[in-house]
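Trainee: Input query.cif, format and content: mmCIF, C-alpha atoms and all ligand atoms.
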```
data_upload
#
loop_
_atom_site.label_atom_id
_atom_site.label_comp_id
_atom_site.auth_asym_id
_atom_site.auth_seq_id
_atom_site.Cartn_x
_atom_site.Cartn_y
_atom_site.Cartn_z
CA MET A 1 127.05 128.47 142.50
CA ALA A 2 130.05 126.93 140.75
CA ASN A 3 131.04 128.27 137.35
CA SER A 4 129.96 124.98 135.77
CA ASP A 5 126.43 125.44 137.22
CA ALA A 6 126.25 128.92 135.70
CA LYS A 7 127.20 127.46 132.31
CA ARG A 8 124.58 124.71 132.66
CA LEU A 9 121.94 127.31 133.51
CA ALA A 10 122.68 129.28 130.33
CA ALA A 11 122.78 126.08 128.26
CA SER A 12 119.43 124.88 129.63
CA ALA A 13 117.80 128.14 128.50
CA ALA A 14 119.18 127.82 124.97
CA VAL A 15 118.03 124.24 124.52
CA LYS A 16 114.42 125.38 124.99
CA HIS A 17 114.67 127.10 121.56
CA VAL A 18 115.24 123.78 119.78
CA ARG A 19 112.11 122.41 118.05
CA ASP A 20 111.39 119.13 116.33
CA GLY A 21 112.70 119.03 112.74
CA MET A 22 115.21 121.89 113.17
CA VAL A 23 118.69 121.98 111.64
CA ILE A 24 120.96 123.72 114.12
CA GLY A 25 124.56 124.88 114.31
CA VAL A 26 126.49 123.89 117.42
CA GLY A 27 129.45 125.94 118.69
CA THR A 28 132.45 124.83 120.69
CA GLY A 29 133.68 124.97 124.30
CA SER A 30 132.72 123.96 127.82
CA THR A 31 129.39 125.85 127.90
CA VAL A 32 128.35 124.36 124.57
CA SER A 33 129.31 120.92 125.93
CA CYS A 34 126.53 121.37 128.54
CA PHE A 35 124.13 122.33 125.72
CA ILE A 36 125.10 119.17 123.79
CA GLU A 37 124.36 117.04 126.88
CA PHE A 38 120.85 118.55 127.15
CA LEU A 39 120.32 118.14 123.41
CA GLY A 40 121.34 114.48 123.63
CA GLU A 41 118.72 113.88 126.34
CA MET A 42 116.05 115.43 124.11
CA VAL A 43 117.12 113.32 121.12
CA ARG A 44 116.92 110.16 123.21
CA GLU A 45 113.38 111.22 124.18
CA GLY A 46 112.41 111.40 120.49
CA LEU A 47 113.38 114.90 119.26
CA ARG A 48 114.38 114.89 115.58
CA VAL A 49 117.16 117.35 114.92
CA LEU A 50 120.23 117.65 112.69
CA ALA A 51 123.38 119.42 113.88
CA VAL A 52 126.25 121.16 112.07
CA PRO A 53 129.30 121.10 114.38
CA THR A 54 131.96 123.83 114.47
CA SER A 55 134.91 121.71 115.61
CA TYR A 56 136.15 118.16 116.11
CA GLN A 57 135.28 118.60 119.81
CA SER A 58 131.62 119.34 119.05
CA ALA A 59 131.38 116.67 116.34
CA ILE A 60 132.68 114.02 118.75
CA LEU A 61 130.43 115.12 121.64
CA LEU A 62 127.35 115.30 119.40
CA ALA A 63 128.04 111.82 118.00
CA GLU A 64 128.56 110.45 121.53
CA GLN A 65 125.19 111.90 122.52
CA GLY A 66 123.50 110.31 119.49
CA VAL A 67 122.74 113.64 117.78
CA PRO A 68 122.81 113.17 113.97
CA LEU A 69 125.31 115.37 112.14
CA THR A 70 124.98 117.21 108.87
CA THR A 71 126.97 119.82 106.92
CA LEU A 72 126.48 123.27 105.40
CA VAL A 73 126.56 121.60 101.97
CA GLU A 74 123.33 119.78 102.72
CA HIS A 75 121.91 122.58 104.88
CA PRO A 76 123.38 126.01 104.05
CA SER A 77 120.61 127.72 106.04
CA LEU A 78 120.28 126.94 109.75
CA ASP A 79 117.22 127.41 111.97
CA LEU A 80 119.34 128.27 114.97
CA VAL A 81 122.98 128.38 116.12
CA VAL A 82 124.04 128.05 119.77
CA ASP A 83 127.59 128.95 120.79
CA GLY A 84 129.68 130.22 123.70
CA ALA A 85 131.88 133.33 123.83
CA ASP A 86 135.00 134.65 125.56
CA GLU A 87 133.74 138.22 125.89
CA VAL A 88 130.33 139.86 125.36
CA ASP A 89 129.86 143.66 125.33
CA SER A 90 126.63 145.61 125.90
CA ASP A 91 125.92 145.73 122.13
CA LEU A 92 126.16 141.90 122.07
CA ASN A 93 129.40 142.03 120.11
CA LEU A 94 131.74 139.18 120.93
CA ILE A 95 135.28 137.97 121.13
CA LYS A 96 135.44 134.26 120.31
CA GLY A 97 138.17 131.76 119.58
CA GLY A 98 139.45 130.92 123.06
CA GLY A 99 139.14 127.31 121.92
CA GLY A 100 140.65 128.05 118.53
CA ALA A 101 137.45 127.23 116.63
CA LEU A 102 136.61 130.79 115.53
CA THR A 103 136.66 130.23 111.77
CA GLN A 104 134.14 127.40 111.64
CA GLU A 105 132.16 129.14 114.39
CA LYS A 106 131.87 132.34 112.34
CA ILE A 107 130.97 130.45 109.16
CA VAL A 108 128.24 128.51 110.96
CA ALA A 109 126.98 131.64 112.78
CA SER A 110 126.68 133.40 109.41
CA ALA A 111 124.30 130.67 108.21
CA THR A 112 121.47 131.72 110.56
CA GLU A 113 119.33 134.70 111.54
CA HIS A 114 119.22 133.35 115.10
CA LEU A 115 122.56 133.17 116.90
CA ILE A 116 122.12 132.41 120.61
CA ILE A 117 125.16 132.85 122.86
CA ILE A 118 125.49 131.09 126.21
CA VAL A 119 127.97 132.31 128.84
CA ASP A 120 128.59 132.66 132.54
CA SER A 121 128.70 136.21 133.88
CA SER A 122 132.53 136.36 133.91
CA LYS A 123 132.33 136.87 130.12
CA LEU A 124 130.47 140.22 130.29
CA VAL A 125 132.70 143.24 129.60
CA LYS A 126 132.28 146.97 129.10
CA ARG A 127 134.69 147.00 126.15
CA LEU A 128 135.89 144.11 124.01
CA GLY A 129 139.54 143.30 124.65
CA GLU A 130 139.28 144.03 128.38
CA THR A 131 140.22 140.51 129.51
CA ARG A 132 141.97 138.96 126.50
CA GLY A 133 143.34 139.40 123.00
CA VAL A 134 141.51 138.91 119.72
CA PRO A 135 142.31 135.46 118.30
CA LEU A 136 143.21 135.29 114.62
CA GLU A 137 143.46 132.09 112.62
CA VAL A 138 146.45 132.44 110.34
CA ILE A 139 147.94 130.45 107.45
CA PRO A 140 151.15 128.93 108.96
CA MET A 141 153.60 130.40 106.40
CA ALA A 142 152.25 133.91 107.08
CA TRP A 143 152.27 133.96 110.89
CA LYS A 144 155.37 136.15 111.37
CA LEU A 145 154.26 138.58 108.69
CA VAL A 146 150.81 138.86 110.26
CA LYS A 147 152.36 139.32 113.73
CA ILE A 148 154.47 142.22 112.38
CA ARG A 149 151.39 143.76 110.72
CA LEU A 150 149.43 143.50 113.99
CA GLU A 151 152.29 145.07 115.95
CA GLY A 152 152.23 147.89 113.39
CA LYS A 153 148.61 148.47 114.41
CA GLY A 154 149.63 148.76 118.08
CA ALA A 155 148.80 145.21 119.22
CA LYS A 156 150.96 142.75 121.10
CA ALA A 157 150.58 139.55 119.08
CA VAL A 158 151.36 136.17 120.63
CA LEU A 159 151.59 132.87 118.76
CA ARG A 160 149.36 130.50 120.72
CA GLU A 161 151.11 127.41 122.13
CA GLY A 162 149.24 124.29 123.13
CA SER A 163 149.49 121.47 125.61
CA GLY A 164 149.87 117.83 124.65
CA LYS A 165 152.12 118.88 121.78
CA VAL A 166 155.18 121.08 121.60
CA GLY A 167 155.06 124.19 119.45
CA PRO A 168 152.10 126.17 118.16
CA VAL A 169 148.46 125.17 118.42
CA VAL A 170 147.30 123.77 115.07
CA THR A 171 143.60 124.42 114.44
CA ASP A 172 141.03 121.97 113.08
CA ASN A 173 141.74 123.61 109.70
CA GLY A 174 145.52 123.10 109.94
CA ASN A 175 146.38 126.73 110.74
CA PHE A 176 148.03 128.69 113.59
CA ILE A 177 146.44 131.11 116.08
CA LEU A 178 147.76 134.56 116.96
CA ASP A 179 146.24 136.33 119.98
CA ALA A 180 146.32 140.08 119.32
CA HIS A 181 146.16 142.26 122.45
CA PHE A 182 145.09 145.79 121.51
CA PRO A 183 145.43 148.59 124.12
CA GLU A 184 141.82 149.57 123.32
CA ILE A 185 139.13 148.41 120.88
CA SER A 186 136.97 151.49 120.34
CA ASN A 187 135.35 150.36 117.07
CA PRO A 188 134.99 146.56 116.92
CA GLU A 189 133.26 146.66 113.53
CA ALA A 190 136.08 148.62 111.87
CA LEU A 191 138.71 146.43 113.52
CA GLU A 192 136.98 143.22 112.41
CA ARG A 193 137.10 144.42 108.80
CA GLU A 194 140.67 145.71 109.10
CA LEU A 195 141.93 142.38 110.45
CA LYS A 196 140.19 140.43 107.69
CA PHE A 197 142.13 142.49 105.18
CA ILE A 198 145.60 141.31 106.29
CA PRO A 199 146.96 138.72 103.83
CA GLY A 200 147.39 135.38 105.63
CA VAL A 201 144.54 135.97 108.08
CA VAL A 202 141.84 133.36 107.57
CA GLU A 203 139.46 134.79 110.18
CA ASN A 204 139.40 136.84 113.37
CA GLY A 205 137.49 136.33 116.61
CA LEU A 206 135.47 139.58 116.54
CA PHE A 207 131.79 138.73 115.98
CA VAL A 208 130.07 142.06 115.42
CA GLY A 209 126.31 142.47 114.98
CA MET A 210 125.69 138.74 114.65
CA THR A 211 124.08 137.84 117.99
CA GLU A 212 120.34 137.86 118.61
CA THR A 213 120.19 136.67 122.24
CA VAL A 214 122.69 136.06 125.05
CA TYR A 215 121.85 133.85 128.04
CA VAL A 216 124.02 134.66 131.04
CA GLY A 217 124.18 132.25 133.98
CA SER A 218 125.39 133.43 137.40
CA VAL A 219 124.85 133.03 141.15
CA GLU A 220 121.91 135.41 140.83
CA GLY A 221 120.26 133.16 138.25
CA LEU A 222 119.63 133.56 134.54
CA LYS A 223 119.79 136.88 132.68
CA VAL A 224 118.73 137.41 129.05
CA LEU A 225 120.30 140.07 126.83
CA ARG A 226 118.59 140.77 123.50
CA LYS A 227 119.61 142.70 120.41
CA LYS A 228 118.41 146.31 120.71
C1 LIG A 301 135.89 128.45 121.00
C2 LIG A 301 135.02 129.53 121.50
C3 LIG A 301 134.23 129.25 122.73
O1 LIG A 301 132.89 129.43 122.44
C4 LIG A 301 134.68 130.18 123.82
O2 LIG A 301 136.07 129.98 124.01
C5 LIG A 301 133.93 129.93 125.13
O3 LIG A 301 134.28 128.70 125.67
P1 LIG A 301 133.79 128.23 127.12
O4 LIG A 301 132.32 128.01 127.01
O5 LIG A 301 134.57 126.97 127.37
O6 LIG A 301 134.14 129.32 128.08
O7 LIG A 301 134.93 130.61 120.97
O8 LIG A 301 136.63 128.85 119.89
#
```
Show the structure stored in the file as structure tokens.

Mentor:
Amino acid sequence: MANSDAKRLAASAAVKHVRDGMVIGVGTGSTVSCFIEFLGEMVREGLRVLAVPTSYQSAILLAEQGVPLTTLVEHPSLDLVVDGADEVDSDLNLIKGGGGALTQEKIVASATEHLIIIVDSSKLVKRLGETRGVPLEVIPMAWKLVKIRLEGKGAKAVLREGSGKVGPVVTDNGNFILDAHFPEISNPEALERELKFIPGVVENGLFVGMTETVYVGSVEGLKVLRKK
């Protein structure tokens, strides 16, 4: 099974949670793109749903699929949010922000009691930080200061560079991204709070205690992980 099939499998499980009349939050990334495709099919078959996107990517894909968009101003409480992740640990804590959309993703995830995460099995880890750094969205003028603060906490912090443009990645909110590689993340909850406290940090990619269900697609089929 190709990786894209595993993502589609996870996405097809999540779309079964969507009911007529729901207002849902829609994450960002390649796995969520599969979810948006399935959602579009359902909308064309008559499903009435409103979606709050978490990025320009999702907003464009949803519009292309004919899914009506709304905002948190009109709908501050969401029936369901579906998103991808870069890492998932056994407590269903996450690292997100590989696509740089972590801030809007965390805001939208905080607007529901039902956050469903869809991943392929390569995203499962024993400990967060095993395969990548923690992304932080940072106000541009503060990036060097934040990098120094992170290095003071033992992390290697790298300013994320993009493709299609020279220089740093600029997020949908006009900010920079630092990827902070910690030697070990033993307490994700404490680290999430600590990172939020650094002046200039808008948000960090640790999502602790937010996820209700994770659908994992792999060659062996679909696995469901639920909050204990
Ligand atoms: C974007 C994210 C994505 O959800 C995460 O990067 C997973 O993406 P993909 O489904 O393409 O692997 O957090 O900021």

Trainee: Using all atoms listed in the file, what are the residues with an atom within 9 Å of ligand LIG 301 (chain A), set out as an MDAnalysis selection string?

Mentor: chainID A and resid 7 27:34 54:55 83:87 95:105 117:120 123 135 205

Trainee: When you draw a straight line from CA of Leu124 in chain A to CA of Ile36 in chain A, how long is it in Å?

Mentor: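 Between CA of Leu124 in chain A and CA of Ile36 in chain A the gap is 22.7 Å.
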
Trainee: Nearest residue to Leu191 in chain A out of A:Gly25, A:Gly129, A:Pro68, A:Gly221, using only C-alpha atoms?

Mentor: A:Gly129

Trainee: What's the separation between CA of Trp143 in chain A and CA of Leu94 in chain A, in Å to one decimal place?

Mentor: 23.4 Å

Trainee: Report as a PDB file with C-alpha atoms, keeping the file's coordinate frame all protein, DNA and RNA residues lying within 12 Å of Lys147 in chain A, evaluated on all atoms listed in the file, omitting residues in the same chain fewer than 4 positions from it.

Mentor:
```pdb
ATOM      1  CA  PRO A 135     142.310 135.460 118.300  1.00  0.00           C
ATOM      2  CA  LEU A 136     143.210 135.290 114.620  1.00  0.00           C
ATOM      3  CA  GLU A 137     143.460 132.090 112.620  1.00  0.00           C
ATOM      4  CA  VAL A 138     146.450 132.440 110.340  1.00  0.00           C
ATOM      5  CA  ILE A 139     147.940 130.450 107.450  1.00  0.00           C
ATOM      6  CA  PRO A 140     151.150 128.930 108.960  1.00  0.00           C
ATOM      7  CA  MET A 141     153.600 130.400 106.400  1.00  0.00           C
ATOM      8  CA  ALA A 142     152.250 133.910 107.080  1.00  0.00           C
ATOM      9  CA  TRP A 143     152.270 133.960 110.890  1.00  0.00           C
ATOM     10  CA  GLU A 151     152.290 145.070 115.950  1.00  0.00           C
ATOM     11  CA  GLY A 152     152.230 147.890 113.390  1.00  0.00           C
ATOM     12  CA  LYS A 153     148.610 148.470 114.410  1.00  0.00           C
ATOM     13  CA  GLY A 154     149.630 148.760 118.080  1.00  0.00           C
ATOM     14  CA  ALA A 155     148.800 145.210 119.220  1.00  0.00           C
ATOM     15  CA  LYS A 156     150.960 142.750 121.100  1.00  0.00           C
ATOM     16  CA  ALA A 157     150.580 139.550 119.080  1.00  0.00           C
ATOM     17  CA  VAL A 158     151.360 136.170 120.630  1.00  0.00           C
ATOM     18  CA  LEU A 159     151.590 132.870 118.760  1.00  0.00           C
ATOM     19  CA  ARG A 160     149.360 130.500 120.720  1.00  0.00           C
ATOM     20  CA  PHE A 176     148.030 128.690 113.590  1.00  0.00           C
ATOM     21  CA  ILE A 177     146.440 131.110 116.080  1.00  0.00           C
ATOM     22  CA  LEU A 178     147.760 134.560 116.960  1.00  0.00           C
ATOM     23  CA  ASP A 179     146.240 136.330 119.980  1.00  0.00           C
ATOM     24  CA  ALA A 180     146.320 140.080 119.320  1.00  0.00           C
ATOM     25  CA  HIS A 181     146.160 142.260 122.450  1.00  0.00           C
ATOM     26  CA  LEU A 195     141.930 142.380 110.450  1.00  0.00           C
ATOM     27  CA  ILE A 198     145.600 141.310 106.290  1.00  0.00           C
ATOM     28  CA  PRO A 199     146.960 138.720 103.830  1.00  0.00           C
ATOM     29  CA  GLY A 200     147.390 135.380 105.630  1.00  0.00           C
ATOM     30  CA  VAL A 201     144.540 135.970 108.080  1.00  0.00           C
TER      31      VAL A 201
END
```

Trainee: Mind pulling up the distance from CA of Lys228 in chain A to CA of Glu212 in chain A?

Mentor: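 Atom-to-atom, CA of Glu212 in chain A and CA of Lys228 in chain A are spaced 8.9 Å apart.
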
Trainee: Taking into account all atoms listed in the file, which residue in the set A:Lys165, A:Arg48, A:Arg132, A:His114 is nearest to His17 in chain A?

Mentor: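 Residue with the minimum atom-to-atom distance to His17 in chain A: A:His114.
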
Trainee: Select all residues near (120.1, 137.4, 136.2) (cut-off 12 Å, inclusive, file coordinates), counting only C-alpha atoms, and output them as a VMD selection string.

Mentor: chain A and resid 6 9 to 10 119 to 121 214 to 225

Trainee: May I have the selected residues written with C-alpha atoms, as a PDB file, in the frame of the given file?

Mentor:
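File produced: again_13.pdb:
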```pdb
ATOM      1  CA  ALA A   6     126.250 128.920 135.700  1.00  0.00           C
ATOM      2  CA  LEU A   9     121.940 127.310 133.510  1.00  0.00           C
ATOM      3  CA  ALA A  10     122.680 129.280 130.330  1.00  0.00           C
ATOM      4  CA  VAL A 119     127.970 132.310 128.840  1.00  0.00           C
ATOM      5  CA  ASP A 120     128.590 132.660 132.540  1.00  0.00           C
ATOM      6  CA  SER A 121     128.700 136.210 133.880  1.00  0.00           C
ATOM      7  CA  VAL A 214     122.690 136.060 125.050  1.00  0.00           C
ATOM      8  CA  TYR A 215     121.850 133.850 128.040  1.00  0.00           C
ATOM      9  CA  VAL A 216     124.020 134.660 131.040  1.00  0.00           C
ATOM     10  CA  GLY A 217     124.180 132.250 133.980  1.00  0.00           C
ATOM     11  CA  SER A 218     125.390 133.430 137.400  1.00  0.00           C
ATOM     12  CA  VAL A 219     124.850 133.030 141.150  1.00  0.00           C
ATOM     13  CA  GLU A 220     121.910 135.410 140.830  1.00  0.00           C
ATOM     14  CA  GLY A 221     120.260 133.160 138.250  1.00  0.00           C
ATOM     15  CA  LEU A 222     119.630 133.560 134.540  1.00  0.00           C
ATOM     16  CA  LYS A 223     119.790 136.880 132.680  1.00  0.00           C
ATOM     17  CA  VAL A 224     118.730 137.410 129.050  1.00  0.00           C
ATOM     18  CA  LEU A 225     120.300 140.070 126.830  1.00  0.00           C
TER      19      LEU A 225
END
```

Trainee: Box for range 206-211 of chain A: with edges along x, y and z, all listed atoms inside and 8 Å added on each side, what are the centre and edge lengths in Å to one decimal, as lines of an AutoDock Vina configuration file?

Mentor:
```
center_x = 129.8
center_y = 140.2
center_z = 116.3
size_x = 27.4
size_y = 20.6
size_z = 19.3
```

Trainee: Nearest residue to Asp79 in chain A out of A:Ser12, A:Thr112, A:Gln65, A:Thr171, using only C-alpha atoms?

Mentor: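 Selected residue with least distance to Asp79 in chain A: A:Thr112.
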
Trainee: Could you check which of A:Lys227, A:Arg8, A:Lys196, A:Lys16 is closest to Leu150 in chain A, using all atoms listed in the file?

Mentor: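 Nearest to Leu150 in chain A: A:Lys196.
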
Trainee: Give me the residues near Ala51 in chain A as a PyMOL selection string, where near means some atom within 10 Å (using all atoms listed in the file) and where sequence neighbours in that chain fewer than 4 positions away do not count.

Mentor: chain A and resi 22-26+58-59+62-63+67-72+75+78+80-81
